[in-house]
$ cat work.pdb   # PDB, C-alpha atoms and all ligand atoms
ATOM      1  CA  MET S   1      40.890  73.709 -15.390
ATOM      2  CA  ALA S   2      38.045  71.195 -15.191
ATOM      3  CA  SER S   3      37.746  69.026 -18.292
ATOM      4  CA  SER S   4      33.963  69.528 -18.281
ATOM      5  CA  LEU S   5      34.643  73.075 -19.504
ATOM      6  CA  GLN S   6      36.632  72.320 -22.606
ATOM      7  CA  ASN S   7      37.390  70.186 -25.607
ATOM      8  CA  LEU S   8      40.869  69.089 -24.625
ATOM      9  CA  SER S   9      41.963  68.608 -28.229
ATOM     10  CA  ALA S  10      41.197  72.157 -29.388
ATOM     11  CA  TYR S  11      44.415  73.828 -30.529
ATOM     12  CA  ASN S  12      45.582  76.460 -32.983
ATOM     13  CA  GLU S  13      46.968  74.539 -35.957
ATOM     14  CA  ASN S  14      48.962  77.592 -37.049
ATOM     15  CA  ASN S  15      50.997  77.501 -33.840
ATOM     16  CA  ILE S  16      52.292  73.960 -34.386
ATOM     17  CA  PRO S  17      55.810  73.596 -35.837
ATOM     18  CA  ASP S  18      56.218  71.897 -39.218
ATOM     19  CA  ALA S  19      56.820  68.228 -38.394
ATOM     20  CA  LYS S  20      58.335  67.264 -41.756
ATOM     21  CA  GLY S  21      61.374  65.058 -41.163
ATOM     22  CA  MET S  22      60.458  64.245 -37.563
ATOM     23  CA  ARG S  23      60.392  60.533 -36.733
ATOM     24  CA  PHE S  24      57.940  59.103 -34.213
ATOM     25  CA  GLY S  25      57.295  55.820 -32.475
ATOM     26  CA  ILE S  26      53.776  55.004 -31.327
ATOM     27  CA  VAL S  27      53.070  52.345 -28.688
ATOM     28  CA  VAL S  28      49.416  51.274 -28.450
ATOM     29  CA  ALA S  29      47.897  49.145 -25.702
ATOM     30  CA  GLU S  30      45.410  46.451 -26.732
ATOM     31  CA  TRP S  31      43.330  46.603 -23.530
ATOM     32  CA  ASN S  32      40.143  48.614 -24.242
ATOM     33  CA  ARG S  33      40.992  48.337 -27.910
ATOM     34  CA  HIS S  34      37.864  50.200 -29.068
ATOM     35  CA  ILE S  35      39.181  53.235 -27.178
ATOM     36  CA  THR S  36      42.892  52.922 -27.939
ATOM     37  CA  GLY S  37      42.126  52.395 -31.653
ATOM     38  CA  ALA S  38      40.378  55.783 -31.707
ATOM     39  CA  LEU S  39      43.326  57.387 -29.894
ATOM     40  CA  TYR S  40      45.666  55.856 -32.457
ATOM     41  CA  ASP S  41      43.603  57.133 -35.407
ATOM     42  CA  GLY S  42      43.533  60.654 -33.950
ATOM     43  CA  CYS S  43      47.250  60.549 -33.250
ATOM     44  CA  VAL S  44      48.335  59.348 -36.699
ATOM     45  CA  SER S  45      46.009  61.683 -38.620
ATOM     46  CA  THR S  46      47.354  64.636 -36.610
ATOM     47  CA  LEU S  47      50.985  63.713 -37.262
ATOM     48  CA  LEU S  48      50.300  63.357 -40.990
ATOM     49  CA  LYS S  49      48.391  66.664 -41.045
ATOM     50  CA  HIS S  50      51.434  68.445 -39.659
ATOM     51  CA  GLY S  51      53.853  67.040 -42.218
ATOM     52  CA  VAL S  52      55.120  63.743 -40.804
ATOM     53  CA  SER S  53      55.726  61.123 -43.491
ATOM     54  CA  GLU S  54      54.061  57.689 -43.066
ATOM     55  CA  ALA S  55      57.538  56.160 -43.374
ATOM     56  CA  ASP S  56      58.585  58.107 -40.282
ATOM     57  CA  ILE S  57      55.934  56.554 -38.034
ATOM     58  CA  VAL S  58      56.831  53.225 -36.419
ATOM     59  CA  VAL S  59      54.151  51.398 -34.438
ATOM     60  CA  VAL S  60      54.147  48.594 -31.898
ATOM     61  CA  GLN S  61      51.211  47.094 -29.999
ATOM     62  CA  VAL S  62      51.538  45.906 -26.410
ATOM     63  CA  PRO S  63      49.072  43.812 -24.370
ATOM     64  CA  GLY S  64      48.132  46.447 -21.767
ATOM     65  CA  SER S  65      49.034  49.930 -20.623
ATOM     66  CA  PHE S  66      51.472  48.595 -18.040
ATOM     67  CA  GLU S  67      53.614  47.453 -20.986
ATOM     68  CA  LEU S  68      53.738  50.910 -22.651
ATOM     69  CA  PRO S  69      57.225  51.805 -21.328
ATOM     70  CA  ALA S  70      58.560  48.381 -22.394
ATOM     71  CA  GLY S  71      57.066  48.922 -25.848
ATOM     72  CA  ALA S  72      58.929  52.217 -26.068
ATOM     73  CA  VAL S  73      62.193  50.471 -25.163
ATOM     74  CA  ALA S  74      61.536  47.880 -27.886
ATOM     75  CA  LEU S  75      61.054  50.637 -30.461
ATOM     76  CA  HIS S  76      64.298  52.342 -29.443
ATOM     77  CA  GLN S  77      66.128  49.031 -29.926
ATOM     78  CA  LYS S  78      64.785  48.763 -33.489
ATOM     79  CA  THR S  79      65.264  52.270 -34.854
ATOM     80  CA  VAL S  80      66.214  55.884 -34.202
ATOM     81  CA  LEU S  81      63.284  58.070 -33.152
ATOM     82  CA  ASP S  82      62.775  61.707 -32.161
ATOM     83  CA  ALA S  83      59.941  60.882 -29.737
ATOM     84  CA  VAL S  84      57.669  58.068 -28.643
ATOM     85  CA  ILE S  85      53.927  58.510 -28.116
ATOM     86  CA  CYS S  86      52.307  56.005 -25.753
ATOM     87  CA  LEU S  87      48.554  55.411 -26.036
ATOM     88  CA  GLY S  88      46.419  53.459 -23.589
ATOM     89  CA  CYS S  89      43.237  53.481 -21.568
ATOM     90  CA  VAL S  90      43.000  52.368 -17.968
ATOM     91  CA  ILE S  91      39.447  52.211 -16.611
ATOM     92  CA  LYS S  92      38.954  52.099 -12.857
ATOM     93  CA  GLY S  93      37.471  48.825 -11.625
ATOM     94  CA  GLU S  94      36.657  47.337  -8.251
ATOM     95  CA  THR S  95      40.286  47.268  -7.112
ATOM     96  CA  ASN S  96      43.213  49.725  -7.097
ATOM     97  CA  HIS S  97      44.858  48.144 -10.159
ATOM     98  CA  ASP S  98      44.366  51.358 -12.109
ATOM     99  CA  GLU S  99      46.467  53.385  -9.673
ATOM    100  CA  TYR S 100      49.396  50.963  -9.913
ATOM    101  CA  ILE S 101      49.278  50.857 -13.712
ATOM    102  CA  ASN S 102      48.878  54.612 -14.157
ATOM    103  CA  GLN S 103      51.691  55.396 -11.734
ATOM    104  CA  ALA S 104      53.974  52.812 -13.316
ATOM    105  CA  VAL S 105      53.381  54.258 -16.785
ATOM    106  CA  ALA S 106      53.918  57.824 -15.604
ATOM    107  CA  ASN S 107      57.150  56.873 -13.823
ATOM    108  CA  GLY S 108      58.353  54.687 -16.689
ATOM    109  CA  LEU S 109      57.832  57.343 -19.343
ATOM    110  CA  THR S 110      59.434  60.032 -17.187
ATOM    111  CA  GLN S 111      62.492  57.839 -16.648
ATOM    112  CA  LEU S 112      62.724  57.041 -20.353
ATOM    113  CA  THR S 113      62.533  60.712 -21.274
ATOM    114  CA  ILE S 114      65.384  61.496 -18.897
ATOM    115  CA  SER S 115      67.548  58.488 -19.798
ATOM    116  CA  THR S 116      67.167  58.773 -23.583
ATOM    117  CA  GLY S 117      66.880  62.554 -23.913
ATOM    118  CA  LYS S 118      63.851  61.965 -26.167
ATOM    119  CA  PRO S 119      60.279  62.965 -25.278
ATOM    120  CA  HIS S 120      57.944  60.113 -24.254
ATOM    121  CA  ILE S 121      54.389  61.331 -24.422
ATOM    122  CA  PHE S 122      51.770  60.252 -21.858
ATOM    123  CA  GLY S 123      48.746  59.490 -24.052
ATOM    124  CA  LEU S 124      47.072  57.438 -21.352
ATOM    125  CA  LEU S 125      43.422  57.876 -20.435
ATOM    126  CA  THR S 126      43.041  57.382 -16.664
ATOM    127  CA  VAL S 127      39.274  57.317 -16.344
ATOM    128  CA  LEU S 128      36.574  56.216 -13.917
ATOM    129  CA  ASN S 129      34.334  54.566 -16.516
ATOM    130  CA  GLU S 130      33.914  53.801 -20.214
ATOM    131  CA  ALA S 131      31.754  56.881 -20.845
ATOM    132  CA  GLN S 132      34.605  59.144 -19.718
ATOM    133  CA  ALA S 133      36.939  57.253 -22.027
ATOM    134  CA  LEU S 134      34.631  57.627 -25.032
ATOM    135  CA  ASP S 135      34.300  61.359 -24.291
ATOM    136  CA  ARG S 136      38.102  61.621 -24.630
ATOM    137  CA  ALA S 137      38.543  59.290 -27.608
ATOM    138  CA  GLY S 138      36.701  61.337 -30.222
ATOM    139  CA  GLY S 139      33.742  62.434 -28.091
ATOM    140  CA  LYS S 140      32.792  65.693 -26.426
ATOM    141  CA  HIS S 141      36.194  66.224 -24.822
ATOM    142  CA  GLY S 142      38.100  65.631 -28.042
ATOM    143  CA  ASN S 143      40.692  62.944 -28.617
ATOM    144  CA  LYS S 144      43.715  62.411 -26.372
ATOM    145  CA  GLY S 145      45.536  60.864 -29.329
ATOM    146  CA  VAL S 146      45.358  64.235 -31.093
ATOM    147  CA  GLU S 147      46.684  66.010 -27.998
ATOM    148  CA  ALA S 148      49.486  63.478 -27.672
ATOM    149  CA  ALA S 149      50.539  64.023 -31.295
ATOM    150  CA  VAL S 150      50.537  67.813 -30.929
ATOM    151  CA  THR S 151      52.539  67.558 -27.712
ATOM    152  CA  ALA S 152      55.041  65.243 -29.389
ATOM    153  CA  VAL S 153      55.600  67.582 -32.345
ATOM    154  CA  ARG S 154      56.009  70.584 -30.047
ATOM    155  CA  MET S 155      58.463  68.737 -27.800
ATOM    156  CA  VAL S 156      60.574  67.455 -30.693
ATOM    157  CA  ALA S 157      60.785  71.023 -32.003
ATOM    158  CA  THR S 158      61.876  72.114 -28.512
ATOM    159  CA  PHE S 159      64.627  69.495 -28.405
ATOM    160  CA  LYS S 160      65.886  70.338 -31.913
TER     161      LYS S 160
HETATM  162  C1  LIG Q 201      45.044  43.764 -15.867
HETATM  163  C2  LIG Q 201      44.503  45.020 -16.474
HETATM  164  C3  LIG Q 201      43.314  45.580 -16.002
HETATM  165  C4  LIG Q 201      42.524  44.971 -14.891
HETATM  166  N1  LIG Q 201      42.806  46.691 -16.547
HETATM  167  C5  LIG Q 201      43.473  47.297 -17.569
HETATM  168  C6  LIG Q 201      42.974  48.484 -18.165
HETATM  169  O1  LIG Q 201      41.910  49.024 -17.822
HETATM  170  N2  LIG Q 201      43.698  49.047 -19.175
HETATM  171  C7  LIG Q 201      44.891  48.524 -19.615
HETATM  172  O2  LIG Q 201      45.508  49.089 -20.526
HETATM  173  N3  LIG Q 201      45.368  47.393 -19.075
HETATM  174  C8  LIG Q 201      44.703  46.754 -18.082
HETATM  175  N4  LIG Q 201      45.179  45.618 -17.530
HETATM  176  C9  LIG Q 201      46.385  44.987 -18.118
HETATM  177  C10 LIG Q 201      47.720  45.560 -17.605
HETATM  178  O3  LIG Q 201      48.003  46.826 -18.194
HETATM  179  C11 LIG Q 201      48.869  44.599 -17.967
HETATM  180  O4  LIG Q 201      48.820  44.290 -19.333
HETATM  181  C12 LIG Q 201      48.808  43.287 -17.183
HETATM  182  O5  LIG Q 201      48.734  43.546 -15.800
HETATM  183  C13 LIG Q 201      50.054  42.423 -17.474
HETATM  184  O6  LIG Q 201      51.252  43.105 -17.101
END
$ encode --input "work.pdb" --output "structure tokens"
Amino acid sequence: MASSLQNLSAYNENNIPDAKGMRFGIVVAEWNRHITGALYDGCVSTLLKHGVSEADIVVVQVPGSFELPAGAVALHQKTVLDAVICLGCVIKGETNHDEYINQAVANGLTQLTISTGKPHIFGLLTVLNEAQALDRAGGKHGNKGVEAAVTAVRMVATFK
């Protein structure tokens, strides 16, 4: 369905499992920080709203989105987690760098999910310009950080 037709973060709060006791890692990329900060805020507020304790959220920042899978590995080495949510924003430029980064993150998170048996959530904006990013970081298309948090809670409940 085309994203122009919907707020991608709209969901029925009553259909989300209680997340009390679930433990999450969040990896946030520093590139396009004004966007990824908004994704992070939406993600954390959603986890807390659904019962996650602040003590059960562990955060690491990485330089850019390419480093999101490595950040997830670093979190797994520090502590036991039920899922890792990866947040970043890759904006298309004059070259194809965006395609390499986006594909690497998608592949990396898929591999981590399979190798660890823990969900790794793709909270990466893959946009053509900054306006599209702002629309998806608290603007007219919602907040991908909220979606990522909801997906993480639902997937942890599935695994339990
Ligand atoms: C190099 C780069 C570029 C050009 N653009 C972005 C971007 O739009 N979003 C993002 O998260 N990161 C970008 N990066 C940085 C790479 O993700 C990575 O940090 C560097 O290539 C070093 O590995």
$ residues_near_ligand --input "work.pdb" --ligand "ligand LIG 201 (chain Q)" --cutoff "7 Å" --atoms "all atoms listed in the file" --output "CSV table (one decimal) with C-alpha atoms, keeping the file's coordinate frame"
chain,number,residue,atom,x,y,z
S,29,ALA,CA,47.9,49.1,-25.7
S,30,GLU,CA,45.4,46.5,-26.7
S,31,TRP,CA,43.3,46.6,-23.5
S,32,ASN,CA,40.1,48.6,-24.2
S,63,PRO,CA,49.1,43.8,-24.4
S,64,GLY,CA,48.1,46.4,-21.8
S,65,SER,CA,49.0,49.9,-20.6
S,66,PHE,CA,51.5,48.6,-18.0
S,67,GLU,CA,53.6,47.5,-21.0
S,88,GLY,CA,46.4,53.5,-23.6
S,89,CYS,CA,43.2,53.5,-21.6
S,90,VAL,CA,43.0,52.4,-18.0
S,91,ILE,CA,39.4,52.2,-16.6
S,92,LYS,CA,39.0,52.1,-12.9
S,97,HIS,CA,44.9,48.1,-10.2
S,98,ASP,CA,44.4,51.4,-12.1
S,101,ILE,CA,49.3,50.9,-13.7
$ resolve_selection --input "work.pdb" --expression "the PyMOL selection byres (((chain S and resi 78-86) around 6) and not hetatm)" --output "PyMOL selection string"
chain S and resi 23-27+75-77+87+118-123
$ write_last_selection --input "work.pdb" --atoms "C-alpha atoms" --output "short mmCIF file (atom, residue, chain, number, x, y, z; two decimals), in the coordinates of the input"
data_model
loop_
_atom_site.label_atom_id
_atom_site.label_comp_id
_atom_site.auth_asym_id
_atom_site.auth_seq_id
_atom_site.Cartn_x
_atom_site.Cartn_y
_atom_site.Cartn_z
CA ARG S 23 60.39 60.53 -36.73
CA PHE S 24 57.94 59.10 -34.21
CA GLY S 25 57.30 55.82 -32.48
CA ILE S 26 53.78 55.00 -31.33
CA VAL S 27 53.07 52.34 -28.69
CA LEU S 75 61.05 50.64 -30.46
CA HIS S 76 64.30 52.34 -29.44
CA GLN S 77 66.13 49.03 -29.93
CA LEU S 87 48.55 55.41 -26.04
CA LYS S 118 63.85 61.96 -26.17
CA PRO S 119 60.28 62.96 -25.28
CA HIS S 120 57.94 60.11 -24.25
CA ILE S 121 54.39 61.33 -24.42
CA PHE S 122 51.77 60.25 -21.86
CA GLY S 123 48.75 59.49 -24.05
#
$ resolve_selection --input "work.pdb" --expression "the PyMOL selection byres (((chain S and resi 43) around 10) and not hetatm)" --output "PyMOL selection string"
chain S and resi 26+37-42+44-49+85+87+123+143-150+152
$ write_last_selection --input "work.pdb" --atoms "C-alpha atoms" --output "PDB file, in the frame of the given file"
ATOM      1  CA  ILE S  26      53.776  55.004 -31.327  1.00  0.00           C
ATOM      2  CA  GLY S  37      42.126  52.395 -31.653  1.00  0.00           C
ATOM      3  CA  ALA S  38      40.378  55.783 -31.707  1.00  0.00           C
ATOM      4  CA  LEU S  39      43.326  57.387 -29.894  1.00  0.00           C
ATOM      5  CA  TYR S  40      45.666  55.856 -32.457  1.00  0.00           C
ATOM      6  CA  ASP S  41      43.603  57.133 -35.407  1.00  0.00           C
ATOM      7  CA  GLY S  42      43.533  60.654 -33.950  1.00  0.00           C
ATOM      8  CA  VAL S  44      48.335  59.348 -36.699  1.00  0.00           C
ATOM      9  CA  SER S  45      46.009  61.683 -38.620  1.00  0.00           C
ATOM     10  CA  THR S  46      47.354  64.636 -36.610  1.00  0.00           C
ATOM     11  CA  LEU S  47      50.985  63.713 -37.262  1.00  0.00           C
ATOM     12  CA  LEU S  48      50.300  63.357 -40.990  1.00  0.00           C
ATOM     13  CA  LYS S  49      48.391  66.664 -41.045  1.00  0.00           C
ATOM     14  CA  ILE S  85      53.927  58.510 -28.116  1.00  0.00           C
ATOM     15  CA  LEU S  87      48.554  55.411 -26.036  1.00  0.00           C
ATOM     16  CA  GLY S 123      48.746  59.490 -24.052  1.00  0.00           C
ATOM     17  CA  ASN S 143      40.692  62.944 -28.617  1.00  0.00           C
ATOM     18  CA  LYS S 144      43.715  62.411 -26.372  1.00  0.00           C
ATOM     19  CA  GLY S 145      45.536  60.864 -29.329  1.00  0.00           C
ATOM     20  CA  VAL S 146      45.358  64.235 -31.093  1.00  0.00           C
ATOM     21  CA  GLU S 147      46.684  66.010 -27.998  1.00  0.00           C
ATOM     22  CA  ALA S 148      49.486  63.478 -27.672  1.00  0.00           C
ATOM     23  CA  ALA S 149      50.539  64.023 -31.295  1.00  0.00           C
ATOM     24  CA  VAL S 150      50.537  67.813 -30.929  1.00  0.00           C
ATOM     25  CA  ALA S 152      55.041  65.243 -29.389  1.00  0.00           C
TER      26      ALA S 152
END
$ resolve_selection --input "work.pdb" --expression "the PyMOL selection byres (((chain S and resi 17-22) around 8) and not hetatm)" --output "number ranges by chain"
S: 15-16, 23-24, 47, 50-53, 56, 82, 153-154, 156-157
$ atom_distance --input "work.pdb" --atom1 "atom CA of S:Thr36" --atom2 "atom CA of S:Gly142"
13.6 Å
$ closest_residue --input "work.pdb" --among "S:Ile57, S:Ala72, S:Ile114, S:Ala10" --to "S:His141" --atoms "only C-alpha atoms"
S:Ala10
$ closest_residue --input "work.pdb" --among "S:Leu134, S:Val105, S:Val28, S:Ala70" --to "S:Val58" --atoms "only C-alpha atoms"
S:Val28
$ atom_distance --input "work.pdb" --atom1 "atom CA of S:Thr126" --atom2 "atom CA of S:Glu13"
26.1 Å
$ atom_distance --input "work.pdb" --atom1 "atom CA of S:Leu124" --atom2 "atom CA of S:Ala55"
24.4 Å
$ axis_aligned_box --input "work.pdb" --around "stretch 23-35 of chain S" --padding-each-side "5 Å" --output "lines of an AutoDock Vina configuration file"
center_x = 49.1
center_y = 53.5
center_z = -30.1
size_x = 32.5
size_y = 24.1
size_z = 23.2
